[in-house]
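Visitor: Data file my_file_0.txt (compact mmCIF, C-alpha atoms) is appended below.
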# COMPACT_ATOMS: atom_id res chain seq x y z
CA MET U 1 87.56 17.18 2.43
CA THR U 2 84.38 18.74 1.09
CA PRO U 3 81.92 20.14 3.65
CA ALA U 4 79.31 17.60 2.53
CA ALA U 5 81.73 14.73 3.17
CA ALA U 6 82.55 16.17 6.61
CA LEU U 7 78.83 16.32 7.39
CA TRP U 8 78.09 12.72 6.42
CA ILE U 9 81.21 11.29 8.06
CA SER U 10 80.30 13.22 11.21
CA ILE U 11 76.83 11.65 11.29
CA VAL U 12 78.21 8.14 10.74
CA LEU U 13 80.98 8.61 13.35
CA GLY U 14 78.42 9.87 15.88
CA ALA U 15 76.44 6.68 15.35
CA CYS U 16 79.61 4.56 15.58
CA ALA U 17 80.36 6.19 18.93
CA GLN U 18 77.11 4.90 20.48
CA VAL U 19 77.61 1.40 19.08
CA PHE U 20 81.22 1.29 20.38
CA LEU U 21 80.04 2.40 23.82
CA LYS U 22 77.40 -0.33 23.84
CA ARG U 23 80.00 -2.92 22.86
CA GLY U 24 82.39 -1.61 25.51
CA VAL U 25 80.00 -1.78 28.45
CA SER U 26 78.37 -5.11 27.61
CA PRO U 27 80.85 -7.82 26.70
CA ARG U 28 79.66 -11.17 25.34
CA THR U 29 81.16 -13.09 28.23
CA GLY U 30 82.05 -12.37 31.84
CA ALA U 31 80.93 -9.66 34.22
CA ARG U 32 80.07 -6.14 33.22
CA PRO U 33 83.31 -4.13 33.34
CA THR U 34 83.53 -1.39 35.93
CA GLY U 35 85.85 1.45 36.98
CA MET U 36 89.34 1.47 35.46
CA ASN U 37 88.71 -1.59 33.27
CA LEU U 38 85.84 0.28 31.69
CA LEU U 39 87.76 3.53 31.32
CA PHE U 40 90.64 1.91 29.46
CA SER U 41 88.61 -0.51 27.39
CA PRO U 42 89.46 0.05 23.70
CA TRP U 43 85.74 0.23 22.88
CA VAL U 44 85.13 3.00 25.38
CA LEU U 45 88.19 4.89 24.08
CA ALA U 46 86.82 4.42 20.55
CA TRP U 47 83.55 5.95 21.75
CA ALA U 48 85.34 9.01 23.09
CA GLY U 49 87.54 9.28 19.99
CA CYS U 50 84.59 9.04 17.58
CA PHE U 51 82.69 11.58 19.64
CA VAL U 52 85.51 14.14 19.48
CA LEU U 53 86.16 13.52 15.76
CA ALA U 54 82.45 13.71 14.92
CA THR U 55 82.17 17.04 16.75
CA LEU U 56 85.20 18.49 14.91
CA LEU U 57 83.89 17.37 11.50
CA TRP U 58 80.47 18.77 12.40
CA LEU U 59 81.99 22.18 13.10
CA ILE U 60 83.92 22.04 9.80
CA ALA U 61 80.70 21.17 7.96
CA LEU U 62 78.71 23.91 9.71
CA SER U 63 81.20 26.58 8.66
CA LYS U 64 80.26 25.98 5.01
CA ILE U 65 76.84 24.32 4.89
CA GLU U 66 73.61 26.15 5.62
CA ILE U 67 72.38 25.41 9.13
CA SER U 68 68.78 24.83 8.03
CA TYR U 69 70.07 22.04 5.76
CA ALA U 70 72.68 20.52 8.08
CA PHE U 71 70.78 20.30 11.38
CA PRO U 72 67.76 18.25 10.20
CA LEU U 73 70.26 15.68 8.83
CA LEU U 74 71.51 15.14 12.40
CA SER U 75 68.31 13.15 13.01
CA LEU U 76 69.59 10.45 10.63
CA GLY U 77 71.78 9.33 13.53
CA TYR U 78 68.82 7.39 14.99
CA PRO U 79 68.23 4.99 12.05
CA VAL U 80 72.00 4.72 11.44
CA VAL U 81 72.55 3.60 15.07
CA ALA U 82 69.72 1.08 14.62
CA ILE U 83 71.25 -0.37 11.43
CA PHE U 84 74.74 -0.59 13.00
CA SER U 85 73.36 -2.20 16.17
CA MET U 86 71.66 -4.83 14.02
CA LEU U 87 74.78 -5.51 11.94
CA PHE U 88 77.47 -5.36 14.61
CA LEU U 89 75.72 -6.06 17.92
CA LYS U 90 73.08 -8.50 16.63
CA GLU U 91 70.29 -6.50 18.25
CA ARG U 92 66.87 -7.63 17.15
CA ILE U 93 64.65 -4.70 16.22
CA SER U 94 60.91 -5.28 16.14
CA LEU U 95 58.63 -3.61 13.63
CA VAL U 96 57.17 -1.31 16.28
CA ARG U 97 60.68 -0.18 17.29
CA TRP U 98 61.53 0.60 13.64
CA VAL U 99 58.34 2.65 13.37
CA ALA U 100 59.19 4.45 16.64
CA ILE U 101 62.74 5.19 15.43
CA LEU U 102 61.44 6.66 12.16
CA VAL U 103 58.83 8.75 14.01
CA VAL U 104 61.53 10.14 16.34
CA THR U 105 63.75 10.85 13.31
CA ALA U 106 60.94 12.75 11.59
CA GLY U 107 60.19 14.67 14.81
CA VAL U 108 63.78 15.83 15.28
CA ALA U 109 64.03 16.78 11.58
CA ILE U 110 60.85 18.86 11.95
CA ILE U 111 62.20 20.55 15.10
CA TRP U 112 65.39 21.61 13.28
CA ARG U 113 63.58 22.48 10.08
CA ALA U 114 61.27 24.81 12.02
CA SER U 115 64.08 26.52 13.91
CA MET C 1 75.54 -8.64 39.70
CA ALA C 2 75.58 -12.06 38.06
CA ALA C 3 78.29 -12.68 35.51
CA ASP C 4 75.90 -13.80 32.82
CA ALA C 5 73.32 -11.08 33.28
CA THR C 6 74.62 -8.68 30.64
CA MET C 7 74.51 -11.40 28.01
CA ASP C 8 70.80 -11.91 28.39
CA THR C 9 69.92 -8.38 27.41
CA GLN C 10 71.86 -8.72 24.18
CA THR C 11 69.34 -11.20 22.93
CA ALA C 12 66.35 -9.54 24.61
CA VAL C 13 64.78 -12.64 26.13
CA PRO C 14 61.19 -11.68 27.03
CA GLY C 15 60.52 -11.58 30.76
CA LEU C 16 64.09 -12.32 31.79
CA ASP C 17 65.48 -8.80 31.79
CA GLU C 18 63.49 -7.31 34.64
CA LYS C 19 64.47 -10.18 36.91
CA THR C 20 68.18 -10.08 36.10
CA PHE C 21 68.38 -6.34 36.57
CA ALA C 22 66.22 -6.14 39.66
CA ARG C 23 69.41 -6.37 41.74
CA ASP C 24 70.93 -3.29 40.16
CA LYS C 25 71.15 -0.22 42.35
CA ILE C 26 69.32 1.93 39.86
CA SER C 27 66.79 0.88 37.27
CA TRP C 28 67.47 1.43 33.57
CA GLN C 29 64.57 3.89 33.51
CA ALA C 30 66.17 6.04 36.21
CA ALA C 31 69.54 5.83 34.43
CA ALA C 32 68.25 6.59 30.92
CA PHE C 33 65.72 9.29 31.72
CA GLY C 34 68.00 10.70 34.42
CA ALA C 35 70.82 10.94 31.87
CA ILE C 36 68.57 12.71 29.36
CA GLY C 37 67.18 15.09 32.00
CA LEU C 38 70.63 15.93 33.39
CA ALA C 39 72.07 16.52 29.91
CA ALA C 40 69.21 18.93 29.17
CA CYS C 41 69.63 20.69 32.55
CA GLY C 42 73.37 20.89 31.87
CA HIS C 43 72.69 22.62 28.54
CA LEU C 44 70.29 25.10 30.13
CA ILE C 45 72.68 25.90 33.00
CA ILE C 46 75.58 26.37 30.55
CA LYS C 47 73.36 28.78 28.61
CA GLN C 48 72.53 30.64 31.83
CA GLY C 49 76.23 30.83 32.65
CA LEU C 50 77.07 32.27 29.22
CA VAL C 51 74.20 34.79 29.44
CA SER C 52 74.99 35.95 32.99
CA ALA C 53 78.71 36.44 32.36
CA ALA C 54 78.18 38.16 29.01
CA HIS C 55 77.62 41.61 30.56
CA LEU C 56 80.84 41.48 32.58
CA THR C 57 83.38 43.98 31.32
CA ALA C 58 86.10 41.51 30.47
CA SER C 59 88.41 42.62 27.73
CA THR C 60 91.16 40.04 27.48
CA MET C 61 90.66 36.37 26.69
CA GLY C 62 91.97 35.44 30.16
CA GLU C 63 89.51 37.75 31.91
CA LYS C 64 86.64 36.34 29.89
CA LEU C 65 87.66 32.77 30.73
CA SER C 66 87.96 33.55 34.42
CA ALA C 67 84.57 35.29 34.40
CA TYR C 68 82.95 32.18 32.93
CA LEU C 69 84.80 29.75 35.18
CA PHE C 70 84.61 31.56 38.54
CA HIS C 71 81.72 34.04 38.30
CA SER C 72 79.05 32.06 36.49
CA VAL C 73 77.18 28.77 36.76
CA LEU C 74 78.90 27.43 33.63
CA PRO C 75 81.12 24.93 35.54
CA LEU C 76 78.02 23.63 37.34
CA GLY C 77 76.39 23.04 33.95
CA LEU C 78 79.42 21.11 32.72
CA PHE C 79 79.48 19.05 35.93
CA ILE C 80 75.81 18.13 35.63
CA TYR C 81 76.31 17.26 31.96
CA GLY C 82 79.17 14.97 33.06
CA ILE C 83 77.02 13.19 35.64
CA GLY C 84 74.42 12.73 32.90
CA THR C 85 77.05 11.06 30.70
CA LEU C 86 77.96 8.62 33.51
CA LEU C 87 74.28 7.72 33.93
CA TRP C 88 74.04 7.23 30.17
CA ILE C 89 76.90 4.70 30.28
CA ARG C 90 75.02 2.87 33.03
CA ALA C 91 71.82 2.81 30.93
CA VAL C 92 73.63 1.63 27.79
CA ALA C 93 75.07 -1.30 29.75
CA SER C 94 71.65 -2.82 30.33
CA ARG C 95 69.47 -2.08 27.29
CA ASN C 96 69.70 -2.31 23.50
CA ILE C 97 71.29 0.79 22.00
CA SER C 98 68.73 0.75 19.17
CA PHE C 99 66.09 1.21 21.87
CA LEU C 100 67.92 3.73 24.09
CA TYR C 101 69.40 6.08 21.52
CA PRO C 102 66.09 7.37 20.10
CA LEU C 103 65.06 8.28 23.68
CA THR C 104 67.75 10.98 23.65
CA ALA C 105 65.57 12.99 21.25
CA LEU C 106 63.64 13.98 24.40
CA ASN C 107 66.61 16.26 25.04
CA TYR C 108 65.28 18.62 22.34
CA VAL C 109 61.87 18.64 24.03
CA VAL C 110 63.23 19.50 27.49
CA VAL C 111 65.69 22.10 26.17
CA SER C 112 62.99 23.75 24.01
CA ILE C 113 60.56 24.04 26.90
CA GLY C 114 63.33 25.03 29.33
CA GLY C 115 64.45 27.74 26.90
CA LYS C 116 60.91 29.08 26.76
CA VAL C 117 60.41 29.06 30.55
CA LEU C 118 63.86 30.28 31.59
CA PHE C 119 65.00 32.48 28.71
CA ASN C 120 61.71 33.51 27.11
CA GLU C 121 62.72 31.87 23.85
CA ALA C 122 59.89 31.51 21.37
CA ILE C 123 58.76 28.06 20.20
CA SER C 124 57.32 28.22 16.68
CA THR C 125 54.30 26.17 15.64
CA GLY C 126 56.54 23.99 13.50
CA ARG C 127 58.77 23.31 16.49
CA TRP C 128 55.77 22.36 18.64
CA ILE C 129 54.71 19.90 15.93
CA GLY C 130 58.22 18.40 15.91
CA ILE C 131 58.13 18.13 19.71
CA ALA C 132 54.78 16.31 19.55
CA VAL C 133 56.10 13.89 16.91
CA VAL C 134 59.19 13.12 19.03
CA VAL C 135 57.02 12.46 22.10
CA LEU C 136 54.83 10.15 19.99
CA GLY C 137 57.91 8.23 18.83
CA VAL C 138 59.24 7.87 22.39
CA ALA C 139 55.79 6.67 23.51
CA LEU C 140 55.83 4.06 20.72
CA LEU C 141 59.15 2.76 22.05
CA GLN C 142 57.48 2.08 25.40
CA VAL C 143 55.15 -0.48 23.78
CA GLU C 144 58.01 -2.98 23.91
CA VAL C 145 58.76 -2.19 27.55
CA LYS C 146 55.29 -3.40 28.51
CA GLU C 147 55.98 -6.68 26.75
CA GLY C 148 59.07 -7.24 28.88
CA ARG C 149 61.54 -6.12 26.26
CA PRO C 150 63.96 -4.84 25.08
Any chance you could put this one into structure tokens?
Guide:
Amino acid sequence: MTPAAALWISIVLGACAQVFLKRGVSPRTGARPTGMNLLFSPWVLAWAGCFVLATLLWLIALSKIEISYAFPLLSLGYPVVAIFSMLFLKERISLVRWVAILVVTAGVAIIWRAS
Amino acid sequence: MAADATMDTQTAVPGLDEKTFARDKISWQAAAFGAIGLAACGHLIIKQGLVSAAHLTASTMGEKLSAYLFHSVLPLGLFIYGIGTLLWIRAVASRNISFLYPLTALNYVVVSIGGKVLFNEAISTGRWIGIAVVVLGVALLQVEVKEGRP
């Protein structure tokens, strides 16, 4: 795997992790799962798995790609989570929330760019 | 809590959310901002643990590990980070992830300022601008909260 591929897959997997967690803790029907049911829910396990895999790929990417280039790209996680939540969780995102998400993305990119 | 309560937040019905979640032990605000604050504190304490144990004259890998685990605040940092993760799960259960996830950018703000106060780390002008932009974005997210969503 090329370092660039590792970087992009890491960003997408990190976003997947949050969407899986959301799906795991808020089912469409029935009560909110708690305790052991929650711990062994496949969605919650998928969250943990994606998180670990994303971290490993991130470290692989960082070993080859310049930090000043890689870190600002981390901020893309915010719009990617928004797009996935729209597609897979049917979340409705208002215009003002889209603007807010893009502002936060720009802010985090600036923070990393300046570091 | 009511069996159907989690469903309502999926569709973000205006005005309904606050009522359905009023019976929860902690509000989503406490859970979300608590999670972000604890994660940031965890990071800072882990940093303190690594800094404080760095001067110890440990030569072998085992000695180094034991210095970090038993003679520094590193385990406390990990513990607090863990509590933060549990609170995050609680927050995610009751709000849209597209709304909650951008809030986590506040982590950079708290860690930057904490690094300056505790470890004398410099914050460049560019970084201050980024911090201001993040705070603006998080403030924009709150517009919806006033309208009873998300």
Visitor: If we count only C-alpha atoms, what is near range 13-24 of chain U at a cut-off of 6 Å, once residues fewer than 6 positions away on the same chain are taken out, given as a short mmCIF file (atom, residue, chain, number, x, y, z; two decimals) with C-alpha atoms, in the coordinates of the input?
Guide:
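Done, and the output landed in part.cif:
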data_model
loop_
_atom_site.label_atom_id
_atom_site.label_comp_id
_atom_site.auth_asym_id
_atom_site.auth_seq_id
_atom_site.Cartn_x
_atom_site.Cartn_y
_atom_site.Cartn_z
CA TRP U 43 85.74 0.23 22.88
CA VAL U 44 85.13 3.00 25.38
CA TRP U 47 83.55 5.95 21.75
CA CYS U 50 84.59 9.04 17.58
CA PHE U 51 82.69 11.58 19.64
CA ALA U 54 82.45 13.71 14.92
CA GLY U 77 71.78 9.33 13.53
CA VAL U 81 72.55 3.60 15.07
CA VAL C 92 73.63 1.63 27.79
#
Visitor: Pull out every residue of chain U sitting within 8 Å of chain C, counting only C-alpha atoms, and send them as a count of residues only.
Guide: 40
Visitor: Which of these residues is nearest to Leu53 in chain U, using only C-alpha atoms: U:Ala4, U:Val12, U:Leu95, U:Ile83?
Guide: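 Smallest separation from Leu53 in chain U among the options: U:Val12.
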Visitor: To one decimal place, how far is CA of Gly84 in chain C from CA of Ala39 in chain C in Å?
Guide: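 Between CA of Gly84 in chain C and CA of Ala39 in chain C the gap works out to 5.4 Å.
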Visitor: Centre and edge lengths, as lines of an AutoDock Vina configuration file, for the axis-aligned box enclosing every listed atom of range 42-59 of chain U with 4 Å of padding on each of the six sides, in Å to one decimal?
Guide:
center_x = 85.0
center_y = 11.1
center_z = 18.4
size_x = 17.0
size_y = 30.1
size_z = 21.9
Visitor: What does the structure give for the distance between CA of Ile36 in chain C and CA of Leu39 in chain U, in Å to one decimal?
Guide: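 Computing the Euclidean distance for CA of Ile36 in chain C and CA of Leu39 in chain U yields 21.4 Å.
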Visitor: Counting all atoms listed in the file, figure out which residue out of C:Ser52, C:Gly62, C:Leu86, C:Lys25 gets nearest to Leu38 in chain U.
Guide: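 Looking only at the distances to Leu38 in chain U, the closest residue turns out to be C:Leu86.
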Visitor: Report the distance between CA of Val117 in chain C and CA of Phe33 in chain C in Å, rounded to one decimal place.
Guide: 20.5 Å
Visitor: I'd like the neighbourhood of Trp8 in chain U as a list in words, where a residue qualifies if any of its atoms comes within 12 Å (using all atoms listed in the file), though same-chain residues fewer than 4 positions away should be ignored.
Guide: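 So the residues in contact are Met1, Thr2, Pro3, Ala4, Val12, Leu13, Gly14, Ala15, Ala54, Thr55, Leu57, Trp58, Ile60, Ala61, Leu62, Ile65, Ala70, Phe71, Leu73, Leu74, Ser75, Leu76, Gly77 and Val80 of chain U.
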Visitor: Using C-alpha atoms, can you export the residues from the last selection as a compact mmCIF listing (two decimals), in the frame of the given file?
Guide:
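In the end it all went to again-v2.txt:
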# COMPACT_ATOMS: atom_id res chain seq x y z
CA MET U 1 87.56 17.18 2.43
CA THR U 2 84.38 18.74 1.09
CA PRO U 3 81.92 20.14 3.65
CA ALA U 4 79.31 17.60 2.53
CA VAL U 12 78.21 8.14 10.74
CA LEU U 13 80.98 8.61 13.35
CA GLY U 14 78.42 9.87 15.88
CA ALA U 15 76.44 6.68 15.35
CA ALA U 54 82.45 13.71 14.92
CA THR U 55 82.17 17.04 16.75
CA LEU U 57 83.89 17.37 11.50
CA TRP U 58 80.47 18.77 12.40
CA ILE U 60 83.92 22.04 9.80
CA ALA U 61 80.70 21.17 7.96
CA LEU U 62 78.71 23.91 9.71
CA ILE U 65 76.84 24.32 4.89
CA ALA U 70 72.68 20.52 8.08
CA PHE U 71 70.78 20.30 11.38
CA LEU U 73 70.26 15.68 8.83
CA LEU U 74 71.51 15.14 12.40
CA SER U 75 68.31 13.15 13.01
CA LEU U 76 69.59 10.45 10.63
CA GLY U 77 71.78 9.33 13.53
CA VAL U 80 72.00 4.72 11.44
